[in-house]
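Engineer: Enclosed is the structure file start-v8.tsv (TSV, C-alpha atoms and all ligand atoms).
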```
chain	number	residue	atom	x	y	z
A	1	MET	CA	46.47	-85.26	243.03
A	2	ASN	CA	49.16	-86.15	240.54
A	3	PRO	CA	52.74	-84.77	240.77
A	4	ASN	CA	52.04	-82.18	238.08
A	5	GLN	CA	49.00	-80.86	239.96
A	6	ILE	CA	51.02	-80.75	243.18
A	7	ALA	CA	53.74	-78.72	241.47
A	8	ILE	CA	51.16	-76.32	240.00
A	9	VAL	CA	49.45	-75.70	243.36
A	10	LYS	CA	52.80	-75.10	245.07
A	11	SER	CA	54.05	-72.65	242.48
A	12	THR	CA	50.77	-70.74	242.02
A	13	TRP	CA	50.35	-70.42	245.81
A	14	SER	CA	53.89	-69.16	246.24
A	15	ASP	CA	53.13	-66.47	243.60
A	16	ALA	CA	49.77	-65.67	245.19
A	17	ILE	CA	51.29	-65.04	248.62
A	18	SER	CA	54.18	-62.99	247.31
A	19	GLU	CA	52.17	-60.04	248.66
A	20	GLY	CA	51.46	-61.63	252.01
A	21	ASP	CA	47.86	-62.05	253.10
A	22	ALA	CA	46.44	-59.78	250.37
A	23	VAL	CA	45.14	-62.82	248.49
A	24	GLY	CA	43.27	-63.88	251.65
A	25	GLU	CA	41.72	-60.44	252.00
A	26	LEU	CA	40.72	-60.55	248.34
A	27	PHE	CA	39.18	-63.97	248.98
A	28	TYR	CA	36.92	-62.58	251.75
A	29	LYS	CA	36.00	-59.53	249.66
A	30	ILE	CA	34.85	-61.80	246.82
A	31	LEU	CA	33.17	-64.22	249.24
A	32	PHE	CA	31.01	-61.47	250.78
A	33	GLU	CA	30.18	-60.12	247.32
A	34	LEU	CA	29.05	-63.57	246.18
A	35	ASP	CA	26.96	-64.10	249.33
A	36	PRO	CA	26.52	-61.11	251.66
A	37	SER	CA	24.58	-63.31	254.10
A	38	LEU	CA	27.89	-64.97	255.09
A	39	LYS	CA	29.42	-61.73	256.39
A	40	PRO	CA	27.71	-61.69	259.81
A	41	LEU	CA	29.13	-65.16	260.56
A	42	PHE	CA	32.60	-63.66	260.69
A	43	GLY	CA	33.97	-61.26	263.28
A	44	ASP	CA	34.91	-57.67	262.41
A	45	ASP	CA	38.59	-58.42	261.92
A	46	VAL	CA	38.70	-59.69	258.36
A	47	LYS	CA	42.47	-59.15	258.20
A	48	GLU	CA	42.97	-61.58	261.08
A	49	GLN	CA	40.60	-64.07	259.46
A	50	ALA	CA	42.45	-63.69	256.15
A	51	ARG	CA	45.70	-64.42	257.97
A	52	LYS	CA	44.30	-67.68	259.39
A	53	PHE	CA	42.79	-68.77	256.09
A	54	THR	CA	46.01	-68.01	254.21
A	55	ALA	CA	48.05	-69.90	256.84
A	56	MET	CA	45.84	-72.98	256.41
A	57	ILE	CA	46.27	-72.95	252.63
A	58	THR	CA	50.03	-72.45	253.05
A	59	PHE	CA	50.13	-75.48	255.33
A	60	CYS	CA	48.30	-77.51	252.65
A	61	ALA	CA	50.57	-76.29	249.86
A	62	TYR	CA	53.66	-77.38	251.84
A	63	LYS	CA	52.20	-80.73	252.80
A	64	LEU	CA	50.87	-81.82	249.42
A	65	ASN	CA	53.23	-84.77	249.38
A	66	ASP	CA	51.79	-85.93	252.69
A	67	LEU	CA	48.02	-86.00	252.14
A	68	ASP	CA	47.39	-87.76	255.46
A	69	SER	CA	48.58	-84.77	257.41
A	70	ILE	CA	46.36	-82.46	255.32
A	71	THR	CA	43.28	-84.60	255.88
A	72	ALA	CA	44.00	-84.90	259.62
A	73	GLU	CA	44.27	-81.11	259.94
A	74	ALA	CA	41.21	-80.55	257.73
A	75	LYS	CA	39.11	-82.95	259.82
A	76	GLU	CA	39.95	-80.93	262.93
A	77	LEU	CA	39.15	-77.71	261.07
A	78	GLY	CA	35.85	-79.23	259.90
A	79	ARG	CA	34.97	-80.22	263.45
A	80	ARG	CA	35.36	-76.56	264.49
A	81	HIS	CA	33.32	-75.45	261.48
A	82	LYS	CA	30.33	-77.32	262.83
A	83	TYR	CA	29.97	-74.41	265.25
A	84	TYR	CA	30.45	-71.81	262.49
A	85	LYS	CA	27.07	-72.65	260.89
A	86	THR	CA	28.58	-73.86	257.64
A	87	THR	CA	26.30	-75.44	255.06
A	88	GLU	CA	27.22	-77.52	252.03
A	89	GLY	CA	26.05	-74.64	249.81
A	90	ALA	CA	28.52	-72.34	251.56
A	91	TYR	CA	31.35	-74.72	250.66
A	92	ARG	CA	30.51	-74.11	246.97
A	93	THR	CA	30.63	-70.34	247.47
A	94	VAL	CA	33.94	-70.58	249.34
A	95	GLU	CA	35.36	-72.63	246.47
A	96	LYS	CA	34.23	-70.06	243.89
A	97	ALA	CA	35.70	-67.21	245.95
A	98	LEU	CA	39.03	-69.01	246.40
A	99	ILE	CA	39.36	-69.81	242.69
A	100	ALA	CA	38.38	-66.23	241.73
A	101	ALA	CA	40.86	-64.72	244.22
A	102	LEU	CA	43.65	-66.92	242.85
A	103	ALA	CA	42.74	-66.10	239.25
A	104	GLN	CA	42.75	-62.37	240.01
A	105	SER	CA	46.06	-62.41	241.83
A	106	LEU	CA	47.79	-64.66	239.30
A	107	GLY	CA	46.51	-62.76	236.26
A	108	ALA	CA	47.95	-64.06	232.99
A	109	SER	CA	49.74	-66.99	234.66
A	110	TRP	CA	46.42	-68.50	235.81
A	111	THR	CA	45.49	-71.48	233.58
A	112	GLU	CA	42.73	-74.08	233.23
A	113	GLU	CA	45.24	-76.63	234.49
A	114	ALA	CA	45.79	-74.53	237.63
A	115	ALA	CA	42.02	-74.24	238.16
A	116	SER	CA	41.66	-77.99	237.93
A	117	ALA	CA	44.58	-78.69	240.32
A	118	TRP	CA	43.12	-76.26	242.88
A	119	GLY	CA	39.70	-77.84	242.41
A	120	GLN	CA	41.25	-81.17	243.42
A	121	LEU	CA	42.87	-79.73	246.54
A	122	TYR	CA	39.63	-78.01	247.51
A	123	LEU	CA	37.68	-81.26	247.10
A	124	THR	CA	40.15	-83.05	249.37
A	125	LEU	CA	39.82	-80.32	251.99
A	126	GLU	CA	36.04	-80.14	251.79
A	127	ASN	CA	35.56	-83.90	252.06
A	128	ALA	CA	37.84	-84.13	255.09
A	129	MET	CA	36.21	-81.08	256.72
A	130	LEU	CA	32.71	-82.49	256.20
A	131	GLU	CA	33.85	-85.82	257.60
A	132	GLY	CA	35.34	-84.05	260.63
A	133	ALA	CA	32.05	-82.21	261.15
A	134	THR	CA	30.16	-85.48	261.59
A	135	VAL	CA	32.06	-86.57	264.71
B	201	LIG	C1	38.11	-75.46	252.46
B	201	LIG	C2	37.30	-74.58	253.04
B	201	LIG	C3	37.62	-73.77	254.26
B	201	LIG	C4	38.81	-73.49	254.87
B	201	LIG	C5	40.22	-73.93	254.45
B	201	LIG	C6	38.52	-72.67	256.03
B	201	LIG	C7	39.46	-72.19	256.93
B	201	LIG	C8	39.17	-71.54	258.11
B	201	LIG	C9	40.14	-71.23	259.15
B	201	LIG	C10	41.63	-71.58	259.08
B	201	LIG	C11	39.48	-70.59	260.15
B	201	LIG	C12	40.12	-70.04	261.43
B	201	LIG	C13	39.53	-70.62	262.69
B	201	LIG	C14	39.81	-72.10	262.89
B	201	LIG	O1	40.92	-72.58	262.57
B	201	LIG	O2	38.90	-72.78	263.39
B	201	LIG	C15	38.07	-70.49	259.74
B	201	LIG	C16	37.08	-69.90	260.49
B	201	LIG	C17	35.79	-69.74	260.05
B	201	LIG	N1	35.25	-70.24	258.87
B	201	LIG	FE1	36.19	-71.34	257.51
B	201	LIG	N2	37.17	-72.46	256.10
B	201	LIG	C18	36.58	-73.11	255.03
B	201	LIG	C19	35.25	-73.15	254.74
B	201	LIG	C20	34.27	-72.43	255.37
B	201	LIG	C21	32.90	-72.37	254.96
B	201	LIG	C22	32.26	-73.15	253.82
B	201	LIG	C23	32.28	-71.50	255.79
B	201	LIG	C24	30.82	-71.15	255.68
B	201	LIG	C25	30.24	-70.11	256.11
B	201	LIG	C26	33.28	-71.03	256.76
B	201	LIG	C27	33.05	-70.16	257.81
B	201	LIG	C28	33.94	-69.86	258.81
B	201	LIG	C29	33.60	-69.07	260.00
B	201	LIG	C30	32.23	-68.46	260.31
B	201	LIG	C31	34.76	-69.00	260.79
B	201	LIG	C32	34.92	-68.30	262.15
B	201	LIG	C33	35.14	-66.84	261.97
B	201	LIG	C34	35.29	-66.08	263.27
B	201	LIG	O3	35.61	-66.69	264.29
B	201	LIG	O4	35.12	-64.87	263.20
B	201	LIG	N3	34.47	-71.60	256.46
B	201	LIG	N4	37.93	-71.08	258.50
```
Would you mind giving the structure from this file in structure tokens?
Structural biologist:
Amino acid sequence: MNPNQIAIVKSTWSDAISEGDAVGELFYKILFELDPSLKPLFGDDVKEQARKFTAMITFCAYKLNDLDSITAEAKELGRRHKYYKTTEGAYRTVEKALIAALAQSLGASWTEEAASAWGQLYLTLENAMLEGATV
């Protein structure tokens, strides 16, 4: 990611979490609308799950200048996801839900440039998670 993309992800995420974990809850709402078959994989406490997901993205947003620490964390996360029955197709749906949740919470300040910067971060996370799932 280039410095401009890093700055965009940091500032859009800080806007998105100005209302706490709401963006994470929106993410799961959209995710289960896009693919209802994913819902049973998650426990009943979506708020708690949203908190964990939001915390992971916050960690990434803070560490964007230190990609090695993001990939190390994402590999560990990916290793755990092996047991969560994740498929490559599900990674696409998660990406769509994340982008849609960001777009909805950011409203008019969401741009094509922001979508592309987030796409880059997601790709980095996904690749590291898939790599972690192979070990
Ligand atoms: C970049 C993509 C993703 C991120 C950042 C992410 C993040 C997380 C985090 C932080 C947790 C909390 C538990 C832990 O740390 O192990 C979690 C749990 C989980 N994730 Fe993901 N995840 C991603 C992709 C996916 C995908 C593609 C699926 C596919 C179905 C998935 C399904 C699950 C499930 C089933 C759980 C456990 C829920 C439970 O224990 O109730 N995740 N994820």
Engineer: What does the structure give for the distance between atom CA of Ala16 of chain A and atom CA of Glu131 of chain A, in Å to one decimal?
Structural biologist: 28.5 Å
Engineer: Separation of atom CA of Ser116 of chain A and atom CA of Gln104 of chain A, in Å?
Structural biologist: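 Taking atom CA of Ser116 of chain A as the start and atom CA of Gln104 of chain A as the end point, the length is 15.8 Å.
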Engineer: Using all atoms listed in the file, find each protein or nucleic acid residue lying at most 6 Å from ligand LIG 201 (chain B); present the set as a VMD selection string.
Structural biologist: chain A and resid 38 41 to 43 52 to 53 56 77 80 84 86 90 to 91 94 122 125 to 126
Engineer: Using all atoms listed in the file for the distances, tell me which of A:Ala115, A:Ala74, A:Leu102, A:Met129 is nearest to Thr87 of chain A.
Structural biologist: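 Among the listed residues, the smallest separation from Thr87 of chain A belongs to A:Met129.
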Engineer: When you draw a straight line from atom CA of Gln120 of chain A to atom CA of Met1 of chain A, how long is it in Å?
Structural biologist: 6.6 Å
Engineer: So, with only C-alpha atoms as the atoms that count, which of A:Asn65, A:Ser37, A:Thr134, A:Gln49 lies closest to Ile6 of chain A?
Structural biologist: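 Of A:Asn65, A:Ser37, A:Thr134, A:Gln49, the one nearest Ile6 of chain A, counting only C-alpha atoms, is A:Asn65.
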Engineer: May I ask which of the residues A:Lys10, A:Gly24, A:Asp15, A:Lys39 is the closest one to Gly107 of chain A, counting all atoms listed in the file?
Structural biologist: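 Result for the nearest residue to Gly107 of chain A: A:Asp15.
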Engineer: Counting all atoms listed in the file, figure out which residue out of A:Cys60, A:Ala128, A:Ala7, A:Ile17 gets nearest to Glu76 of chain A.
Structural biologist: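 Among the listed residues, the smallest separation from Glu76 of chain A belongs to A:Ala128.
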Engineer: Kindly indicate which residue among A:Lys47, A:Trp110, A:Thr124, A:Lys29 lies nearest to Asp68 of chain A, using all atoms listed in the file for the distances.
Structural biologist: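 Smallest distance to Asp68 of chain A is found for A:Thr124.
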Engineer: For Leu121 of chain A, which of A:Leu98, A:Leu34, A:Ala55, A:Val23 is the closest residue, counting all atoms listed in the file?
Structural biologist: A:Leu98
Engineer: Using only C-alpha atoms, which residues sit within 8 Å of Ala61 of chain A once same-chain residues fewer than 2 positions away are excluded, as a tab-separated table (two decimals) with C-alpha atoms, in the frame of the given file?
Structural biologist:
```tsv
chain	number	residue	atom	x	y	z
A	9	VAL	CA	49.45	-75.70	243.36
A	10	LYS	CA	52.80	-75.10	245.07
A	13	TRP	CA	50.35	-70.42	245.81
A	57	ILE	CA	46.27	-72.95	252.63
A	58	THR	CA	50.03	-72.45	253.05
A	59	PHE	CA	50.13	-75.48	255.33
A	63	LYS	CA	52.20	-80.73	252.80
A	64	LEU	CA	50.87	-81.82	249.42
```
Engineer: With a distance cut-off of 10 Å and only C-alpha atoms, select the neighbouring residues of Glu95 of chain A, excluding the residue or stretch itself and same-chain residues fewer than 5 positions from it, and output the selection as a list in words.
Structural biologist: Phe27, Leu31, Ala90, Ala100, Ala101, Trp118, Gly119, Tyr122, Leu123 and Glu126 of chain A
Engineer: Rebuild N, CA and C atoms on segment 21-56 of chain A, as a compact mmCIF listing (two decimals), in the frame of the given file?
Structural biologist:
```txt
# COMPACT_ATOMS: atom_id res chain seq x y z
N ASP A 21 49.23 -61.57 252.95
CA ASP A 21 47.86 -62.05 253.10
C ASP A 21 46.86 -61.36 252.16
N ALA A 22 47.35 -60.53 251.25
CA ALA A 22 46.44 -59.78 250.37
C ALA A 22 45.50 -60.72 249.63
N VAL A 23 46.00 -61.88 249.23
CA VAL A 23 45.14 -62.82 248.49
C VAL A 23 44.01 -63.33 249.40
N GLY A 24 44.30 -63.46 250.69
CA GLY A 24 43.27 -63.88 251.65
C GLY A 24 42.22 -62.79 251.83
N GLU A 25 42.68 -61.54 251.85
CA GLU A 25 41.72 -60.44 252.00
C GLU A 25 40.85 -60.34 250.75
N LEU A 26 41.48 -60.55 249.59
CA LEU A 26 40.72 -60.55 248.34
C LEU A 26 39.68 -61.67 248.36
N PHE A 27 40.10 -62.83 248.88
CA PHE A 27 39.18 -63.97 248.98
C PHE A 27 37.92 -63.58 249.77
N TYR A 28 38.10 -62.94 250.95
CA TYR A 28 36.92 -62.58 251.75
C TYR A 28 36.08 -61.50 251.07
N LYS A 29 36.75 -60.58 250.36
CA LYS A 29 36.00 -59.53 249.66
C LYS A 29 35.08 -60.19 248.62
N ILE A 30 35.65 -61.12 247.86
CA ILE A 30 34.85 -61.80 246.82
C ILE A 30 33.77 -62.66 247.48
N LEU A 31 34.13 -63.35 248.56
CA LEU A 31 33.17 -64.22 249.24
C LEU A 31 31.93 -63.43 249.67
N PHE A 32 32.15 -62.25 250.28
CA PHE A 32 31.01 -61.47 250.78
C PHE A 32 30.25 -60.81 249.64
N GLU A 33 30.91 -60.62 248.49
CA GLU A 33 30.18 -60.12 247.32
C GLU A 33 29.28 -61.22 246.77
N LEU A 34 29.83 -62.44 246.72
CA LEU A 34 29.05 -63.57 246.18
C LEU A 34 27.86 -63.88 247.08
N ASP A 35 28.06 -63.79 248.40
CA ASP A 35 26.96 -64.10 249.33
C ASP A 35 27.06 -63.22 250.58
N PRO A 36 26.43 -62.04 250.52
CA PRO A 36 26.52 -61.11 251.66
C PRO A 36 25.98 -61.70 252.96
N SER A 37 25.14 -62.74 252.87
CA SER A 37 24.58 -63.31 254.10
C SER A 37 25.65 -64.04 254.93
N LEU A 38 26.82 -64.29 254.33
CA LEU A 38 27.89 -64.97 255.09
C LEU A 38 28.64 -64.01 256.01
N LYS A 39 28.59 -62.72 255.65
CA LYS A 39 29.42 -61.73 256.39
C LYS A 39 29.19 -61.74 257.90
N PRO A 40 27.92 -61.74 258.35
CA PRO A 40 27.71 -61.69 259.81
C PRO A 40 28.26 -62.89 260.58
N LEU A 41 28.57 -63.98 259.87
CA LEU A 41 29.13 -65.16 260.56
C LEU A 41 30.55 -64.89 261.05
N PHE A 42 31.20 -63.94 260.37
CA PHE A 42 32.60 -63.66 260.69
C PHE A 42 32.71 -62.44 261.59
N GLY A 43 33.74 -62.42 262.41
CA GLY A 43 33.97 -61.26 263.28
C GLY A 43 34.35 -60.04 262.43
N ASP A 44 34.61 -58.92 263.13
CA ASP A 44 34.91 -57.67 262.41
C ASP A 44 36.30 -57.67 261.80
N ASP A 45 37.20 -58.50 262.35
CA ASP A 45 38.59 -58.42 261.92
C ASP A 45 38.86 -59.35 260.74
N VAL A 46 38.53 -58.85 259.55
CA VAL A 46 38.70 -59.69 258.36
C VAL A 46 40.17 -59.94 258.07
N LYS A 47 41.02 -58.97 258.43
CA LYS A 47 42.47 -59.15 258.20
C LYS A 47 42.98 -60.36 258.98
N GLU A 48 42.54 -60.47 260.23
CA GLU A 48 42.97 -61.58 261.08
C GLU A 48 42.44 -62.90 260.51
N GLN A 49 41.20 -62.87 260.05
CA GLN A 49 40.60 -64.07 259.46
C GLN A 49 41.37 -64.46 258.19
N ALA A 50 41.71 -63.44 257.39
CA ALA A 50 42.45 -63.69 256.15
C ALA A 50 43.80 -64.32 256.46
N ARG A 51 44.40 -63.88 257.58
CA ARG A 51 45.70 -64.42 257.97
C ARG A 51 45.57 -65.91 258.30
N LYS A 52 44.50 -66.27 259.01
CA LYS A 52 44.30 -67.68 259.39
C LYS A 52 44.00 -68.55 258.17
N PHE A 53 43.15 -68.01 257.28
CA PHE A 53 42.79 -68.77 256.09
C PHE A 53 44.02 -68.98 255.22
N THR A 54 44.80 -67.92 255.03
CA THR A 54 46.01 -68.01 254.21
C THR A 54 47.00 -69.01 254.82
N ALA A 55 47.12 -68.98 256.16
CA ALA A 55 48.05 -69.90 256.84
C ALA A 55 47.63 -71.36 256.60
N MET A 56 46.32 -71.61 256.62
CA MET A 56 45.84 -72.98 256.41
C MET A 56 46.17 -73.46 254.99
```
